[in-house]
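Chemist: My structure file run34.pdb, PDB, C-alpha atoms, is below:
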```
ATOM      1  CA  MET A   1     -15.807   7.249 -28.147
ATOM      2  CA  ARG A   2     -16.183   6.901 -24.374
ATOM      3  CA  LYS A   3     -12.686   5.427 -24.013
ATOM      4  CA  LEU A   4     -11.259   8.227 -26.185
ATOM      5  CA  LEU A   5     -12.830  10.793 -23.867
ATOM      6  CA  ILE A   6     -11.473   9.056 -20.749
ATOM      7  CA  PHE A   7      -7.945   8.861 -22.144
ATOM      8  CA  ALA A   8      -8.128  12.476 -23.329
ATOM      9  CA  ILE A   9      -9.128  13.563 -19.823
ATOM     10  CA  VAL A  10      -6.208  11.559 -18.389
ATOM     11  CA  GLY A  11      -3.892  13.224 -20.924
ATOM     12  CA  PHE A  12      -5.250  16.640 -19.974
ATOM     13  CA  PHE A  13      -4.643  16.211 -16.254
ATOM     14  CA  ALA A  14      -1.330  14.418 -16.817
ATOM     15  CA  GLN A  15      -0.067  17.392 -18.862
ATOM     16  CA  LEU A  16      -1.547  19.854 -16.389
ATOM     17  CA  VAL A  17       0.462  18.203 -13.622
ATOM     18  CA  ASP A  18       3.564  17.787 -15.798
ATOM     19  CA  GLY A  19       3.540  21.398 -16.930
ATOM     20  CA  SER A  20       3.151  22.565 -13.329
ATOM     21  CA  LEU A  21       5.593  20.190 -11.615
ATOM     22  CA  GLY A  22       8.037  19.463 -14.431
ATOM     23  CA  MET A  23       7.228  15.750 -14.168
ATOM     24  CA  ALA A  24       4.592  13.018 -14.290
ATOM     25  CA  PHE A  25       2.995  13.010 -17.788
ATOM     26  CA  GLY A  26       4.847   9.843 -18.761
ATOM     27  CA  LEU A  27       4.563   8.281 -15.304
ATOM     28  CA  THR A  28       0.817   8.882 -15.096
ATOM     29  CA  SER A  29       0.098   7.728 -18.653
ATOM     30  CA  SER A  30       2.427   4.725 -18.479
ATOM     31  CA  SER A  31       0.975   3.616 -15.161
ATOM     32  CA  LEU A  32      -2.525   3.718 -16.671
ATOM     33  CA  LEU A  33      -1.545   1.705 -19.762
ATOM     34  CA  LEU A  34       0.362  -0.916 -17.762
ATOM     35  CA  ALA A  35      -2.681  -1.302 -15.521
ATOM     36  CA  TYR A  36      -4.686  -1.999 -18.707
ATOM     37  CA  GLY A  37      -2.288  -4.871 -19.471
ATOM     38  CA  VAL A  38      -0.311  -3.128 -22.226
ATOM     39  CA  ALA A  39       3.246  -4.353 -22.880
ATOM     40  CA  PRO A  40       5.894  -1.914 -21.523
ATOM     41  CA  ALA A  41       7.530  -1.263 -24.906
ATOM     42  CA  VAL A  42       4.184  -0.574 -26.611
ATOM     43  CA  ALA A  43       3.059   1.659 -23.743
ATOM     44  CA  SER A  44       6.288   3.672 -23.744
ATOM     45  CA  ALA A  45       6.300   3.932 -27.550
ATOM     46  CA  SER A  46       2.702   5.207 -27.692
ATOM     47  CA  ILE A  47       3.304   7.684 -24.882
ATOM     48  CA  HIS A  48       6.455   9.068 -26.488
ATOM     49  CA  MET A  49       4.697   9.435 -29.826
ATOM     50  CA  SER A  50       1.951  11.483 -28.172
ATOM     51  CA  GLU A  51       4.542  13.475 -26.225
ATOM     52  CA  ILE A  52       6.015  14.840 -29.455
ATOM     53  CA  ALA A  53       2.919  17.028 -29.688
ATOM     54  CA  THR A  54       2.409  17.633 -25.949
ATOM     55  CA  THR A  55       6.054  18.531 -25.220
ATOM     56  CA  ALA A  56       6.136  20.839 -28.261
ATOM     57  CA  ALA A  57       3.048  22.650 -27.009
ATOM     58  CA  SER A  58       4.364  22.715 -23.440
ATOM     59  CA  GLY A  59       7.830  23.924 -24.443
ATOM     60  CA  PHE A  60       6.439  26.702 -26.630
ATOM     61  CA  SER A  61       4.082  27.809 -23.846
ATOM     62  CA  HIS A  62       6.856  27.886 -21.258
ATOM     63  CA  TYR A  63       9.090  29.796 -23.662
ATOM     64  CA  LYS A  64       6.395  32.409 -24.246
ATOM     65  CA  PHE A  65       5.945  32.839 -20.490
ATOM     66  CA  GLY A  66       9.719  33.237 -20.000
ATOM     67  CA  ASN A  67      10.211  30.013 -18.023
ATOM     68  CA  VAL A  68      13.088  28.547 -20.090
ATOM     69  CA  ASN A  69      16.877  28.660 -19.638
ATOM     70  CA  LYS A  70      18.034  27.904 -23.197
ATOM     71  CA  ARG A  71      21.616  26.958 -22.282
ATOM     72  CA  MET A  72      20.512  24.478 -19.642
ATOM     73  CA  ALA A  73      17.865  23.010 -21.963
ATOM     74  CA  ILE A  74      20.468  22.298 -24.669
ATOM     75  CA  LEU A  75      22.975  20.762 -22.246
ATOM     76  CA  LEU A  76      20.312  18.414 -20.904
ATOM     77  CA  ALA A  77      18.697  17.573 -24.240
ATOM     78  CA  ILE A  78      21.800  16.452 -26.181
ATOM     79  CA  PRO A  79      22.912  13.580 -23.890
ATOM     80  CA  GLY A  80      19.292  12.863 -23.015
ATOM     81  CA  ALA A  81      18.383  12.309 -26.656
ATOM     82  CA  ILE A  82      21.276   9.880 -27.181
ATOM     83  CA  SER A  83      20.534   7.809 -24.095
ATOM     84  CA  ALA A  84      16.771   7.829 -24.778
ATOM     85  CA  PHE A  85      17.416   6.233 -28.177
ATOM     86  CA  LEU A  86      19.547   3.564 -26.502
ATOM     87  CA  GLY A  87      16.861   3.028 -23.869
ATOM     88  CA  ALA A  88      14.242   2.502 -26.573
ATOM     89  CA  ALA A  89      16.486  -0.070 -28.263
ATOM     90  CA  PHE A  90      17.003  -1.865 -24.936
ATOM     91  CA  LEU A  91      13.301  -1.991 -24.055
ATOM     92  CA  SER A  92      12.225  -3.044 -27.545
ATOM     93  CA  ASN A  93      14.342  -6.199 -27.406
ATOM     94  CA  ILE A  94      13.085  -7.504 -24.051
ATOM     95  CA  PRO A  95       9.861  -9.583 -23.740
ATOM     96  CA  GLY A  96       7.081  -7.440 -22.285
ATOM     97  CA  GLY A  97       5.937 -10.029 -19.760
ATOM     98  CA  LEU A  98       9.458 -10.395 -18.399
ATOM     99  CA  ILE A  99      10.218  -6.716 -17.800
ATOM    100  CA  LYS A 100       6.719  -5.466 -16.907
ATOM    101  CA  PRO A 101       7.000  -6.084 -13.122
ATOM    102  CA  TYR A 102      10.365  -4.308 -13.060
ATOM    103  CA  ILE A 103       9.011  -1.303 -14.940
ATOM    104  CA  SER A 104       6.047  -1.127 -12.554
ATOM    105  CA  THR A 105       8.439  -1.311  -9.606
ATOM    106  CA  PHE A 106      10.468   1.545 -11.083
ATOM    107  CA  LEU A 107       7.327   3.627 -11.605
ATOM    108  CA  LEU A 108       6.027   2.809  -8.123
ATOM    109  CA  LEU A 109       9.310   3.926  -6.540
ATOM    110  CA  LEU A 110       9.265   7.160  -8.523
ATOM    111  CA  GLY A 111       5.649   7.726  -7.528
ATOM    112  CA  GLY A 112       6.568   7.158  -3.887
ATOM    113  CA  TYR A 113       9.473   9.567  -4.223
ATOM    114  CA  ILE A 114       7.216  12.259  -5.696
ATOM    115  CA  PHE A 115       4.661  11.703  -2.915
ATOM    116  CA  VAL A 116       7.232  12.008  -0.106
ATOM    117  CA  ARG A 117       9.114  14.879  -1.700
ATOM    118  CA  PHE A 118       6.061  17.075  -2.084
ATOM    119  CA  LEU A 119       4.594  15.950   1.232
ATOM    120  CA  LEU A 120       7.660  17.496   2.864
ATOM    121  CA  THR A 121       7.468  20.643   0.709
ATOM    122  CA  SER A 122       5.899  23.688   2.295
ATOM    123  CA  ARG A 123       4.151  26.632   0.671
ATOM    124  CA  ARG A 124       7.050  28.814   1.725
ATOM    125  CA  GLN A 125       9.567  26.547  -0.047
ATOM    126  CA  ASP A 126       7.351  26.591  -3.154
ATOM    127  CA  GLU A 127       7.587  30.351  -3.268
ATOM    128  CA  VAL A 128      11.379  30.542  -2.923
ATOM    129  CA  THR A 129      13.151  31.778  -6.019
ATOM    130  CA  SER A 130      16.843  31.477  -6.768
ATOM    131  CA  SER A 131      19.447  34.195  -6.502
ATOM    132  CA  GLY A 132      21.232  32.957  -9.622
ATOM    133  CA  ASP A 133      20.327  32.647 -13.274
ATOM    134  CA  GLY A 134      21.056  28.988 -13.927
ATOM    135  CA  GLN A 135      24.146  29.785 -15.990
ATOM    136  CA  LEU A 136      26.552  28.550 -13.298
ATOM    137  CA  LEU A 137      25.592  24.885 -13.700
ATOM    138  CA  LYS A 138      28.484  23.085 -15.409
ATOM    139  CA  LYS A 139      28.470  20.757 -18.400
ATOM    140  CA  ARG A 140      30.009  17.996 -16.297
ATOM    141  CA  PHE A 141      26.918  18.157 -14.087
ATOM    142  CA  LEU A 142      24.198  18.588 -16.730
ATOM    143  CA  PHE A 143      25.521  16.070 -19.296
ATOM    144  CA  PRO A 144      25.427  12.945 -17.075
ATOM    145  CA  LEU A 145      22.165  14.096 -15.518
ATOM    146  CA  GLY A 146      20.527  14.342 -18.930
ATOM    147  CA  ALA A 147      21.985  10.991 -20.032
ATOM    148  CA  ILE A 148      20.641   9.110 -17.001
ATOM    149  CA  ALA A 149      17.221  10.764 -17.180
ATOM    150  CA  GLY A 150      16.885  10.105 -20.924
ATOM    151  CA  PHE A 151      17.601   6.379 -20.592
ATOM    152  CA  PHE A 152      15.147   5.824 -17.760
ATOM    153  CA  ASP A 153      12.536   7.969 -19.496
ATOM    154  CA  ALA A 154      12.597   5.628 -22.497
ATOM    155  CA  ILE A 155      12.431   2.352 -20.584
ATOM    156  CA  GLY A 156       9.842   3.543 -18.047
ATOM    157  CA  GLY A 157       7.619   5.648 -20.283
ATOM    158  CA  GLY A 158       8.441   8.477 -17.891
ATOM    159  CA  GLY A 159      11.465   9.580 -15.902
ATOM    160  CA  TRP A 160      12.821  12.708 -17.544
ATOM    161  CA  GLY A 161      11.020  15.036 -15.160
ATOM    162  CA  PRO A 162      11.200  12.988 -11.937
ATOM    163  CA  ILE A 163      14.985  12.653 -12.267
ATOM    164  CA  ASN A 164      15.894  16.096 -13.614
ATOM    165  CA  THR A 165      13.417  18.350 -11.818
ATOM    166  CA  PRO A 166      14.172  17.583  -8.139
ATOM    167  CA  ILE A 167      17.944  17.581  -8.686
ATOM    168  CA  LEU A 168      17.881  20.926 -10.491
ATOM    169  CA  MET A 169      15.509  22.414  -7.924
ATOM    170  CA  ALA A 170      17.978  21.501  -5.191
ATOM    171  CA  ASN A 171      20.542  23.819  -6.801
ATOM    172  CA  LYS A 172      20.548  27.358  -5.442
ATOM    173  CA  HIS A 173      21.241  28.854  -8.887
ATOM    174  CA  THR A 174      17.901  27.818 -10.405
ATOM    175  CA  SER A 175      14.351  28.904  -9.616
ATOM    176  CA  PRO A 176      11.466  26.392  -9.571
ATOM    177  CA  ARG A 177       9.735  28.180 -12.442
ATOM    178  CA  GLU A 178      12.888  28.062 -14.576
ATOM    179  CA  VAL A 179      13.531  24.407 -13.766
ATOM    180  CA  VAL A 180      10.017  23.281 -14.726
ATOM    181  CA  GLY A 181      10.029  25.247 -17.968
ATOM    182  CA  THR A 182      13.517  24.103 -18.973
ATOM    183  CA  VAL A 183      12.905  20.429 -18.196
ATOM    184  CA  ASP A 184       9.597  20.426 -20.095
ATOM    185  CA  THR A 185      11.125  22.187 -23.106
ATOM    186  CA  SER A 186      14.230  19.976 -23.349
ATOM    187  CA  GLU A 187      11.992  16.906 -23.157
ATOM    188  CA  PHE A 188      10.769  17.629 -26.697
ATOM    189  CA  ILE A 189      14.166  16.648 -28.198
ATOM    190  CA  VAL A 190      14.463  13.609 -25.936
ATOM    191  CA  THR A 191      10.970  12.475 -26.897
ATOM    192  CA  ILE A 192      11.720  12.689 -30.624
ATOM    193  CA  SER A 193      14.848  10.566 -30.146
ATOM    194  CA  ALA A 194      13.098   7.929 -28.037
ATOM    195  CA  THR A 195      10.216   7.744 -30.520
ATOM    196  CA  ALA A 196      12.647   7.293 -33.409
ATOM    197  CA  GLY A 197      14.195   4.398 -31.514
ATOM    198  CA  PHE A 198      10.824   2.738 -30.983
ATOM    199  CA  VAL A 199       9.875   3.212 -34.641
ATOM    200  CA  LEU A 200      13.169   1.637 -35.743
ATOM    201  CA  PHE A 201      13.136  -1.314 -33.356
ATOM    202  CA  LEU A 202       9.381  -1.977 -32.992
ATOM    203  CA  GLY A 203       7.897  -0.696 -36.246
ATOM    204  CA  TRP A 204       4.951   1.630 -36.868
ATOM    205  CA  GLU A 205       2.414  -1.154 -36.422
ATOM    206  CA  GLN A 206       3.172  -1.418 -32.694
ATOM    207  CA  PHE A 207       1.927   2.098 -31.955
ATOM    208  CA  ASN A 208      -1.615   2.355 -30.683
ATOM    209  CA  TRP A 209      -2.827   5.439 -32.528
ATOM    210  CA  PHE A 210      -6.047   5.573 -30.497
ATOM    211  CA  TRP A 211      -4.056   6.171 -27.288
ATOM    212  CA  VAL A 212      -1.722   8.565 -29.069
ATOM    213  CA  LEU A 213      -4.623  10.691 -30.344
ATOM    214  CA  ALA A 214      -6.345  10.724 -26.952
ATOM    215  CA  PHE A 215      -3.230  11.782 -25.054
ATOM    216  CA  VAL A 216      -2.383  14.402 -27.684
ATOM    217  CA  ILE A 217      -5.832  15.999 -27.509
ATOM    218  CA  GLY A 218      -5.822  16.226 -23.728
ATOM    219  CA  GLY A 219      -2.163  17.176 -23.397
ATOM    220  CA  VAL A 220      -2.143  19.933 -26.000
ATOM    221  CA  LEU A 221      -5.229  21.529 -24.465
ATOM    222  CA  ALA A 222      -3.637  21.518 -21.006
ATOM    223  CA  ALA A 223      -0.141  22.754 -21.974
ATOM    224  CA  PRO A 224      -0.810  26.546 -22.087
ATOM    225  CA  LEU A 225      -2.823  26.410 -18.869
ATOM    226  CA  ALA A 226      -0.056  24.490 -17.081
ATOM    227  CA  ALA A 227       2.625  26.927 -18.241
ATOM    228  CA  TRP A 228       0.566  29.772 -16.787
ATOM    229  CA  LEU A 229      -0.265  27.914 -13.551
ATOM    230  CA  VAL A 230       3.400  27.201 -12.792
ATOM    231  CA  ARG A 231       3.862  30.933 -12.222
ATOM    232  CA  ILE A 232       1.140  31.201  -9.580
ATOM    233  CA  MET A 233       0.190  27.751  -8.255
ATOM    234  CA  PRO A 234       1.902  25.945  -5.331
ATOM    235  CA  SER A 235       3.092  22.490  -6.337
ATOM    236  CA  TYR A 236       3.011  20.666  -2.999
ATOM    237  CA  LEU A 237      -0.589  19.452  -3.275
ATOM    238  CA  LEU A 238      -0.319  18.411  -6.933
ATOM    239  CA  GLY A 239       2.808  16.403  -6.113
ATOM    240  CA  VAL A 240       1.114  14.546  -3.262
ATOM    241  CA  LEU A 241      -1.951  13.815  -5.403
ATOM    242  CA  VAL A 242      -0.109  12.498  -8.445
ATOM    243  CA  GLY A 243       2.518  10.607  -6.415
ATOM    244  CA  GLY A 244      -0.156   8.655  -4.571
ATOM    245  CA  PHE A 245      -2.037   7.945  -7.786
ATOM    246  CA  ILE A 246       1.084   6.514  -9.446
ATOM    247  CA  VAL A 247       1.851   4.303  -6.430
ATOM    248  CA  LEU A 248      -1.704   2.954  -6.264
ATOM    249  CA  THR A 249      -1.894   2.245 -10.002
ATOM    250  CA  ASN A 250       1.414   0.389 -10.163
ATOM    251  CA  LEU A 251       0.682  -1.496  -6.949
ATOM    252  CA  ASN A 252      -2.269  -3.020  -8.820
ATOM    253  CA  THR A 253       0.036  -4.120 -11.654
ATOM    254  CA  LEU A 254       2.609  -5.623  -9.285
ATOM    255  CA  LEU A 255       0.050  -7.525  -7.223
ATOM    256  CA  LYS A 256      -1.445  -9.035 -10.390
ATOM    257  CA  ALA A 257       2.010  -9.964 -11.707
ATOM    258  CA  GLY A 258       2.819 -11.659  -8.399
ATOM    259  CA  GLY A 259      -0.457 -13.562  -8.312
ATOM    260  CA  VAL A 260      -1.508 -11.827  -5.086
ATOM    261  CA  SER A 261      -5.232 -11.561  -4.530
ATOM    262  CA  GLY A 262      -7.886 -11.835  -1.830
ATOM    263  CA  ASP A 263      -7.432 -10.311   1.595
ATOM    264  CA  ILE A 264      -3.743  -9.495   1.122
ATOM    265  CA  SER A 265      -4.435  -7.536  -2.067
ATOM    266  CA  THR A 266      -7.376  -5.712  -0.496
ATOM    267  CA  GLY A 267      -5.346  -4.903   2.601
ATOM    268  CA  ALA A 268      -2.525  -3.461   0.499
ATOM    269  CA  TYR A 269      -4.944  -1.212  -1.414
ATOM    270  CA  ILE A 270      -6.550   0.001   1.795
ATOM    271  CA  LEU A 271      -3.189   0.716   3.429
ATOM    272  CA  VAL A 272      -1.866   2.710   0.463
ATOM    273  CA  THR A 273      -5.166   4.597   0.104
ATOM    274  CA  VAL A 274      -5.173   5.529   3.805
ATOM    275  CA  ILE A 275      -1.572   6.789   3.557
ATOM    276  CA  TRP A 276      -2.439   8.722   0.383
ATOM    277  CA  VAL A 277      -5.513  10.404   1.853
ATOM    278  CA  GLY A 278      -3.636  11.066   5.085
ATOM    279  CA  GLY A 279      -0.843  12.719   3.127
ATOM    280  CA  ILE A 280      -3.304  14.977   1.298
ATOM    281  CA  ILE A 281      -4.931  16.041   4.567
ATOM    282  CA  TYR A 282      -1.547  16.578   6.227
ATOM    283  CA  SER A 283      -0.276  18.689   3.330
ATOM    284  CA  LEU A 284      -3.403  20.859   3.326
ATOM    285  CA  ARG A 285      -3.354  21.393   7.083
ATOM    286  CA  LYS A 286       0.380  22.060   7.248
ATOM    287  CA  ASN A 287       0.282  24.696   4.552
ATOM    288  CA  ARG A 288      -2.964  26.242   5.771
ATOM    289  CA  ASN A 289      -1.368  26.722   9.173
ATOM    290  CA  GLY A 290       1.788  28.145   7.607
ATOM    291  CA  LYS A 291       4.148  25.502   8.985
ATOM    292  CA  GLY A 292       7.414  24.355   7.403
TER     293      GLY A 292
END
```
Please rewrite the model in this file as structure tokens.

Modeler:
Amino acid sequence: MRKLLIFAIVGFFAQLVDGSLGMAFGLTSSSLLLAYGVAPAVASASIHMSEIATTAASGFSHYKFGNVNKRMAILLAIPGAISAFLGAAFLSNIPGGLIKPYISTFLLLLGGYIFVRFLLTSRRQDEVTSSGDGQLLKKRFLFPLGAIAGFFDAIGGGGWGPINTPILMANKHTSPREVVGTVDTSEFIVTISATAGFVLFLGWEQFNWFWVLAFVIGGVLAAPLAAWLVRIMPSYLLGVLVGGFIVLTNLNTLLKAGGVSGDISTGAYILVTVIWVGGIIYSLRKNRNGKG
């Protein structure tokens, strides 16, 4: 019961962050499971199964709050669903021990990217809205973007948001609120496809229903709150917090996989923690003083 509560709390905060930033539910959850020693395919499969419920709740909430561009969501979801199925097939046929360090490296790099990206984001940039309506983005741009994000989402247990969200936010025709809502909503279709791939290639018995239930409980409870917060809450601090957490968690997995321990391991943890805390303090001070 205690472990269920802990995982539900993780699912709650993971969805709270994901619904506010448009990324990080899969990264946060996958990082936690890999740190527990779970095989990458089993971790990704269990996360995607739970995300069927959490992305449905998140997408509906964003739609009700008017955060979704339906055209953009469809153009991302179709290629994303196809490539996510292929990614699930690829991951399911590779030994977990062999690919685990590579998946952790991928997650660590994405966590580092999130940390740096939001460390450099100011409150003023958070509040900027677009002058367009998102309809000017072309199929030739959205289709390959969705395909790449869907594949890496399946093999990493997370990647749909970290790949799609920053690229779409960099476009002047989309607002941050619209990007987050659209990415979260389109992820529902991608999640169903990836889960179907894992069911087909791994079988139902490989899903850990305890983790699925815990993440579903926490994620569904957080989804409406996150959809509301994205309208009023600056994302820079959340990004710095979750980025550092992902880096620290996957650093632990990589050090164990490499057989690193003792003073070197301790030194690495201290260094990353100091950078993480320093980034949080810097972000707070910068935005409190109105810089950037």

Chemist: Starting from the shown file, work through the PyMOL selection byres ((chain A and resi 104) around 8) and note down what comes out as JSON, numbers by chain.

Modeler: {"A": [31, 34, 100, 101, 102, 103, 105, 106, 107, 108, 250, 251, 253, 254]}

Chemist: Which neighbours of Gly157 of chain A fall inside 6 Å, counting all atoms listed in the file, when residues of the same chain fewer than 6 positions from it are skipped, and could you give them as a VMD selection string?

Modeler: chain A and resid 26 30 44

Chemist: At most 12 Å is the cut-off: for each residue in segment 245-271 of chain A with any atom that close to an atom of segment 278-287 of chain A, write down the nearest atom pair and the distance in Å rounded to one decimal, counting all atoms listed in the file, chain first then increasing number, as a Markdown table.

Modeler:
```
| residue | atom | partner | partner_atom | distance |
| --- | --- | --- | --- | --- |
| A:Phe245 | CA | A:Ile280 | CA | 11.6 |
| A:Ile270 | CA | A:Gly278 | CA | 11.9 |
| A:Leu271 | CA | A:Gly278 | CA | 10.5 |
```

Chemist: Around the point (24.6, 14.9, -16.9), in the coordinates given by the file, pick out the residues reaching within 10 Å, counting only C-alpha atoms, and return them as an MDAnalysis selection string.

Modeler: chainID A and resid 75:80 138:150 164

Chemist: Can you write just those residues out, C-alpha atoms, as a compact mmCIF listing (two decimals), keeping the file's coordinate frame?

Modeler:
```txt
# COMPACT_ATOMS: atom_id res chain seq x y z
CA LEU A 75 22.98 20.76 -22.25
CA LEU A 76 20.31 18.41 -20.90
CA ALA A 77 18.70 17.57 -24.24
CA ILE A 78 21.80 16.45 -26.18
CA PRO A 79 22.91 13.58 -23.89
CA GLY A 80 19.29 12.86 -23.02
CA LYS A 138 28.48 23.08 -15.41
CA LYS A 139 28.47 20.76 -18.40
CA ARG A 140 30.01 18.00 -16.30
CA PHE A 141 26.92 18.16 -14.09
CA LEU A 142 24.20 18.59 -16.73
CA PHE A 143 25.52 16.07 -19.30
CA PRO A 144 25.43 12.94 -17.08
CA LEU A 145 22.16 14.10 -15.52
CA GLY A 146 20.53 14.34 -18.93
CA ALA A 147 21.98 10.99 -20.03
CA ILE A 148 20.64 9.11 -17.00
CA ALA A 149 17.22 10.76 -17.18
CA GLY A 150 16.89 10.10 -20.92
CA ASN A 164 15.89 16.10 -13.61
```

Chemist: Could you name the residues that touch Ala154 of chain A at 12 Å or less, counting only C-alpha atoms, but leaving out those on the same chain fewer than 2 positions away, as a PyMOL selection string?

Modeler: chain A and resi 26-27+30+40-49+51+80-92+103+147-152+156-160+187+190-198

Chemist: Identify which of the residues A:Gly239, A:Gly267, A:Gly161, A:Gly218 lies closest to Ala53 of chain A, counting only C-alpha atoms when measuring atom-to-atom distances.

Modeler: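 Among the listed residues, A:Gly218 lies closest to Ala53 of chain A.
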
Chemist: Once the PyMOL selection byres ((chain A and resi 248) around 9) has been applied to the shown file, what residues remain in the selection, as number ranges by chain?

Modeler: A: 108, 111, 243-247, 249-252, 269, 272-273, 276

Chemist: Okay, now the selection with C-alpha atoms, as a short mmCIF file (atom, residue, chain, number, x, y, z; two decimals), in the coordinates of the input?

Modeler:
```cif
data_model
loop_
_atom_site.label_atom_id
_atom_site.label_comp_id
_atom_site.auth_asym_id
_atom_site.auth_seq_id
_atom_site.Cartn_x
_atom_site.Cartn_y
_atom_site.Cartn_z
CA LEU A 108 6.03 2.81 -8.12
CA GLY A 111 5.65 7.73 -7.53
CA GLY A 243 2.52 10.61 -6.42
CA GLY A 244 -0.16 8.65 -4.57
CA PHE A 245 -2.04 7.94 -7.79
CA ILE A 246 1.08 6.51 -9.45
CA VAL A 247 1.85 4.30 -6.43
CA THR A 249 -1.89 2.24 -10.00
CA ASN A 250 1.41 0.39 -10.16
CA LEU A 251 0.68 -1.50 -6.95
CA ASN A 252 -2.27 -3.02 -8.82
CA TYR A 269 -4.94 -1.21 -1.41
CA VAL A 272 -1.87 2.71 0.46
CA THR A 273 -5.17 4.60 0.10
CA TRP A 276 -2.44 8.72 0.38
#
```

Chemist: Counting all atoms listed in the file, what is within 6 Å of Ile217 of chain A, bar same-chain residues fewer than 3 positions away, as a ChimeraX atom specification?

Modeler: /A:8,214,220

Chemist: Write out as a list of chain:residue names each polymer residue whose atoms come within 8 Å of Ala73 of chain A, counting all atoms listed in the file; drop sequence neighbours fewer than 5 positions from it.

Modeler: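 After dropping sequence-adjacent residues, the list is A:Val68, A:Thr182, A:Val183, A:Thr185, A:Ser186.
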
Chemist: For this file, the PyMOL selection byres ((chain A and resi 66) around 12) selects which residues, as a list in words?

Modeler: Gly59, Phe60, Ser61, His62, Tyr63, Lys64, Phe65, Asn67, Val68, Asn69, Lys70, Arg177, Glu178, Val179, Val180, Gly181, Thr182, Thr185, Ala227, Trp228, Val230 and Arg231 of chain A

Chemist: Could you work out how far atom CA of Tyr236 of chain A lies from atom CA of Leu119 of chain A, giving the answer in Å with one decimal?

Modeler: 6.5 Å

Chemist: Which is closer to Tyr36 of chain A than all the others in A:Leu168, A:Gly219, A:Arg71, A:Lys256, using all atoms listed in the file?

Modeler: A:Lys256

Chemist: Mind pulling up the distance from atom CA of Phe25 of chain A to atom CA of Leu202 of chain A?

Modeler: 22.3 Å

Chemist: Kindly give the distance, in Å, that separates atom CA of Phe118 of chain A and atom CA of Ser58 of chain A, rounded to a single decimal.

Modeler: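 We find that atom CA of Phe118 of chain A and atom CA of Ser58 of chain A lie 22.2 Å from each other.
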